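Asks: Have a peek at coords16.cif (mmCIF, C-alpha atoms).
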data_start
loop_
_atom_site.label_atom_id
_atom_site.label_comp_id
_atom_site.auth_asym_id
_atom_site.auth_seq_id
_atom_site.Cartn_x
_atom_site.Cartn_y
_atom_site.Cartn_z
CA MET A 1 -33.40 205.35 -151.99
CA LYS A 2 -36.95 203.95 -151.92
CA PHE A 3 -39.49 205.03 -149.33
CA TYR A 4 -42.26 202.80 -148.01
CA THR A 5 -45.50 204.62 -148.80
CA LYS A 6 -48.35 202.25 -147.87
CA LEU A 7 -50.75 203.44 -145.19
CA HIS A 8 -51.53 201.41 -142.07
CA ASP A 9 -53.35 201.96 -138.79
CA PHE A 10 -50.17 201.15 -136.85
CA TYR A 11 -46.44 201.51 -137.51
CA CYS A 12 -43.93 199.50 -135.50
CA GLY A 13 -40.24 200.23 -135.20
CA ILE A 14 -37.98 197.70 -133.55
CA ASP A 15 -34.50 198.41 -132.21
CA LEU A 16 -32.83 195.01 -132.48
CA HIS A 17 -30.27 193.67 -130.07
CA ALA A 18 -29.01 190.13 -129.58
CA ARG A 19 -31.11 189.39 -126.49
CA ILE A 20 -33.66 192.21 -126.29
CA LEU A 21 -35.91 194.25 -128.54
CA TYR A 22 -37.10 197.79 -127.99
CA VAL A 23 -40.51 198.00 -129.65
CA CYS A 24 -42.34 201.23 -130.41
CA ILE A 25 -45.76 201.35 -132.06
CA LEU A 26 -47.33 204.55 -133.37
CA ASN A 27 -50.90 204.94 -134.53
CA ARG A 28 -51.90 206.63 -137.77
CA ASP A 29 -51.84 210.02 -136.03
CA GLY A 30 -48.26 209.53 -134.85
CA GLU A 31 -49.23 208.95 -131.23
CA LYS A 32 -47.20 206.40 -129.28
CA VAL A 33 -49.36 203.43 -128.23
CA VAL A 34 -46.59 201.00 -127.19
CA HIS A 35 -43.00 201.57 -126.08
CA GLN A 36 -41.64 198.45 -124.46
CA LYS A 37 -38.52 196.36 -124.00
CA ILE A 38 -39.03 192.63 -124.56
CA LYS A 39 -36.93 189.50 -124.98
CA ALA A 40 -35.68 188.85 -128.50
CA GLU A 41 -37.97 185.86 -128.93
CA GLN A 42 -40.79 185.12 -131.36
CA ALA A 43 -43.21 184.31 -128.52
CA ALA A 44 -42.63 187.69 -126.83
CA LEU A 45 -42.99 189.54 -130.13
CA ASN A 46 -46.15 187.62 -130.96
CA GLN A 47 -47.70 188.38 -127.57
CA LEU A 48 -46.95 192.10 -127.80
CA LEU A 49 -48.00 192.61 -131.43
CA SER A 50 -50.96 190.23 -131.79
CA PRO A 51 -53.57 192.92 -130.95
CA TYR A 52 -52.29 194.91 -133.95
CA PHE A 53 -52.28 192.09 -136.53
CA GLY A 54 -54.14 192.96 -139.69
CA ASN A 55 -53.00 196.51 -140.28
CA ILE A 56 -49.46 197.05 -139.04
CA VAL A 57 -46.10 197.42 -140.71
CA ILE A 58 -42.82 196.62 -138.97
CA GLY A 59 -39.59 198.43 -139.71
CA VAL A 60 -36.13 197.48 -138.50
CA GLU A 61 -32.65 198.74 -139.17
CA CYS A 62 -30.31 196.71 -141.32
CA MET A 63 -27.96 194.87 -139.00
CA HIS A 64 -26.91 191.29 -138.40
CA CYS A 65 -29.95 190.05 -136.44
CA TRP A 66 -32.93 191.16 -138.55
CA TYR A 67 -33.47 187.89 -140.44
CA TRP A 68 -35.59 186.12 -137.85
CA VAL A 69 -37.90 189.15 -137.51
CA SER A 70 -38.38 189.18 -141.28
CA ASP A 71 -39.17 185.45 -141.29
CA TRP A 72 -41.61 185.88 -138.39
CA CYS A 73 -43.38 188.75 -140.19
CA GLU A 74 -43.72 186.65 -143.33
CA GLN A 75 -45.26 183.80 -141.31
CA GLN A 76 -47.74 186.24 -139.72
CA GLY A 77 -48.59 188.02 -142.98
CA ILE A 78 -47.17 191.32 -141.68
CA ASN A 79 -45.51 193.85 -143.98
CA PHE A 80 -41.80 194.16 -143.18
CA VAL A 81 -39.50 197.04 -144.06
CA LEU A 82 -35.74 196.86 -143.78
CA GLY A 83 -33.97 200.20 -143.66
CA HIS A 84 -30.54 201.67 -143.27
CA ALA A 85 -30.11 203.13 -139.79
CA LEU A 86 -29.03 206.54 -141.15
CA TYR A 87 -32.15 206.82 -143.31
CA MET A 88 -34.81 205.35 -140.99
CA LYS A 89 -35.89 208.76 -139.69
CA ALA A 90 -36.45 209.99 -143.24
#
Would you mind writing the file's structure down as structure tokens?
Replies:
Amino acid sequence: MKFYTKLHDFYCGIDLHARILYVCILNRDGEKVVHQKIKAEQAALNQLLSPYFGNIVIGVECMHCWYWVSDWCEQQGINFVLGHALYMKA
């Protein structure tokens, strides 16, 4: 198993569902700065995360609906990490 080891000012975890996303952002000190439910749409994700562009990484669990988030991150120049749900806490 490979671990993501790059440092960022903000770390975003997204719990993906077909119609909604649960988004949690932690700062470098591990303090929660965002914990919000949004629609599973690029516009909603862009609006919520745009203040953090530049030094954020996004991690999602490997399930059937992660592809569009990965594509969106690539378009925005955001690092994207795909992980297995059982190992995400590690």
Asks: Evaluate the PyMOL selection byres ((chain A and resi 6) around 12) and record the selected residues as a PyMOL selection string, following the chain and residue labels used in the document.
Replies: chain A and resi 3-5+7-11+28+55-58+79-81
Asks: Residues near segment 62-74 of chain A, anyone? I mean within 7 Å using only C-alpha atoms, not counting same-chain ones fewer than 4 positions away, as a list in words.
Replies: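 Once the adjacent positions are removed, what remains is Leu16, Ala18, Ile78, Asn79, Phe80, Leu82, Gly83, His84 and Ala85 of chain A.
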Asks: Tell me which residues the PyMOL selection byres ((chain A and resi 21) around 7) grabs here, as a VMD selection string.
Replies: chain A and resid 14 to 17 20 22 to 23 37 to 40
Asks: Counting only C-alpha atoms, figure out which residue out of A:His35, A:Gln42, A:Lys2, A:Leu26 gets nearest to Gln75 of chain A.
Replies: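 Among the listed residues, A:Gln42 lies closest to Gln75 of chain A.
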Asks: To one decimal place, how far is atom CA of Leu45 of chain A from atom CA of Asp29 of chain A in Å?
Replies: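 Computing the Euclidean distance for atom CA of Leu45 of chain A and atom CA of Asp29 of chain A yields 23.1 Å.
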Asks: Could you please determine the separation between atom CA of Cys24 of chain A and atom CA of Glu41 of chain A in Å, to one decimal place?
Replies: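 One can read the atom CA of Cys24 of chain A to atom CA of Glu41 of chain A distance as 16.0 Å.
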Asks: Quick one: everything within 9 Å of Leu48 of chain A, counting only C-alpha atoms, minus sequence neighbours fewer than 4 positions away in the same chain. Send it as a list in words.
Replies: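 Skipping anything fewer than 4 positions along the chain leaves Val23, Val34, Gln36, Ile38, Ala43, Ala44 and Tyr52 of chain A.
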Asks: So, with only C-alpha atoms as the atoms that count, which of A:Ile25, A:Glu61, A:Gly77, A:Gly30 lies closest to Cys12 of chain A?
Replies: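 Nearest to Cys12 of chain A: A:Ile25.
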Asks: Just checking: using only C-alpha atoms, which residue out of A:Gln76, A:Asn46, A:Arg19, A:Pro51 ends up closest to Val33 of chain A?
Replies: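 Distance minimum relative to Val33 of chain A lands on A:Pro51.
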Asks: Could you rebuild segment 34-48 of chain A with N, CA, C and O atoms and give it back as a PDB file, keeping the file's coordinate frame?
Replies:
ATOM      1  N   VAL A  34     -47.412 202.004-127.885  1.00  0.00           N
ATOM      2  CA  VAL A  34     -46.590 201.000-127.190  1.00  0.00           C
ATOM      3  C   VAL A  34     -45.141 201.468-127.243  1.00  0.00           C
ATOM      4  O   VAL A  34     -44.664 201.924-128.286  1.00  0.00           O
ATOM      5  N   HIS A  35     -44.449 201.352-126.130  1.00  0.00           N
ATOM      6  CA  HIS A  35     -43.000 201.570-126.080  1.00  0.00           C
ATOM      7  C   HIS A  35     -42.488 200.642-124.993  1.00  0.00           C
ATOM      8  O   HIS A  35     -42.633 200.923-123.808  1.00  0.00           O
ATOM      9  N   GLN A  36     -41.935 199.497-125.420  1.00  0.00           N
ATOM     10  CA  GLN A  36     -41.640 198.450-124.460  1.00  0.00           C
ATOM     11  C   GLN A  36     -40.380 197.683-124.835  1.00  0.00           C
ATOM     12  O   GLN A  36     -40.105 197.471-126.006  1.00  0.00           O
ATOM     13  N   LYS A  37     -39.670 197.230-123.821  1.00  0.00           N
ATOM     14  CA  LYS A  37     -38.520 196.360-124.000  1.00  0.00           C
ATOM     15  C   LYS A  37     -38.984 194.934-123.760  1.00  0.00           C
ATOM     16  O   LYS A  37     -39.639 194.657-122.750  1.00  0.00           O
ATOM     17  N   ILE A  38     -38.655 194.029-124.696  1.00  0.00           N
ATOM     18  CA  ILE A  38     -39.030 192.630-124.560  1.00  0.00           C
ATOM     19  C   ILE A  38     -37.839 191.738-124.913  1.00  0.00           C
ATOM     20  O   ILE A  38     -36.856 192.205-125.480  1.00  0.00           O
ATOM     21  N   LYS A  39     -37.954 190.466-124.587  1.00  0.00           N
ATOM     22  CA  LYS A  39     -36.930 189.500-124.980  1.00  0.00           C
ATOM     23  C   LYS A  39     -36.941 189.341-126.489  1.00  0.00           C
ATOM     24  O   LYS A  39     -37.989 189.440-127.128  1.00  0.00           O
ATOM     25  N   ALA A  40     -35.803 189.069-127.062  1.00  0.00           N
ATOM     26  CA  ALA A  40     -35.680 188.850-128.500  1.00  0.00           C
ATOM     27  C   ALA A  40     -36.099 187.427-128.833  1.00  0.00           C
ATOM     28  O   ALA A  40     -35.295 186.585-129.205  1.00  0.00           O
ATOM     29  N   GLU A  41     -37.396 187.178-128.682  1.00  0.00           N
ATOM     30  CA  GLU A  41     -37.970 185.860-128.930  1.00  0.00           C
ATOM     31  C   GLU A  41     -39.271 186.022-129.706  1.00  0.00           C
ATOM     32  O   GLU A  41     -40.022 186.974-129.488  1.00  0.00           O
ATOM     33  N   GLN A  42     -39.560 185.066-130.571  1.00  0.00           N
ATOM     34  CA  GLN A  42     -40.790 185.120-131.360  1.00  0.00           C
ATOM     35  C   GLN A  42     -42.030 185.147-130.471  1.00  0.00           C
ATOM     36  O   GLN A  42     -42.979 185.862-130.761  1.00  0.00           O
ATOM     37  N   ALA A  43     -42.034 184.367-129.401  1.00  0.00           N
ATOM     38  CA  ALA A  43     -43.210 184.310-128.520  1.00  0.00           C
ATOM     39  C   ALA A  43     -43.494 185.675-127.894  1.00  0.00           C
ATOM     40  O   ALA A  43     -44.661 186.104-127.820  1.00  0.00           O
ATOM     41  N   ALA A  44     -42.460 186.368-127.440  1.00  0.00           N
ATOM     42  CA  ALA A  44     -42.630 187.690-126.830  1.00  0.00           C
ATOM     43  C   ALA A  44     -43.127 188.700-127.862  1.00  0.00           C
ATOM     44  O   ALA A  44     -44.007 189.520-127.578  1.00  0.00           O
ATOM     45  N   LEU A  45     -42.575 188.636-129.061  1.00  0.00           N
ATOM     46  CA  LEU A  45     -42.990 189.540-130.130  1.00  0.00           C
ATOM     47  C   LEU A  45     -44.437 189.268-130.523  1.00  0.00           C
ATOM     48  O   LEU A  45     -45.231 190.190-130.705  1.00  0.00           O
ATOM     49  N   ASN A  46     -44.786 188.005-130.618  1.00  0.00           N
ATOM     50  CA  ASN A  46     -46.150 187.620-130.960  1.00  0.00           C
ATOM     51  C   ASN A  46     -47.149 188.117-129.915  1.00  0.00           C
ATOM     52  O   ASN A  46     -48.201 188.662-130.252  1.00  0.00           O
ATOM     53  N   GLN A  47     -46.814 187.957-128.655  1.00  0.00           N
ATOM     54  CA  GLN A  47     -47.700 188.380-127.570  1.00  0.00           C
ATOM     55  C   GLN A  47     -47.920 189.892-127.591  1.00  0.00           C
ATOM     56  O   GLN A  47     -49.034 190.374-127.422  1.00  0.00           O
ATOM     57  N   LEU A  48     -46.853 190.643-127.809  1.00  0.00           N
ATOM     58  CA  LEU A  48     -46.950 192.100-127.800  1.00  0.00           C
ATOM     59  C   LEU A  48     -47.700 192.637-129.021  1.00  0.00           C
ATOM     60  O   LEU A  48     -48.500 193.563-128.908  1.00  0.00           O
TER      61      LEU A  48
END
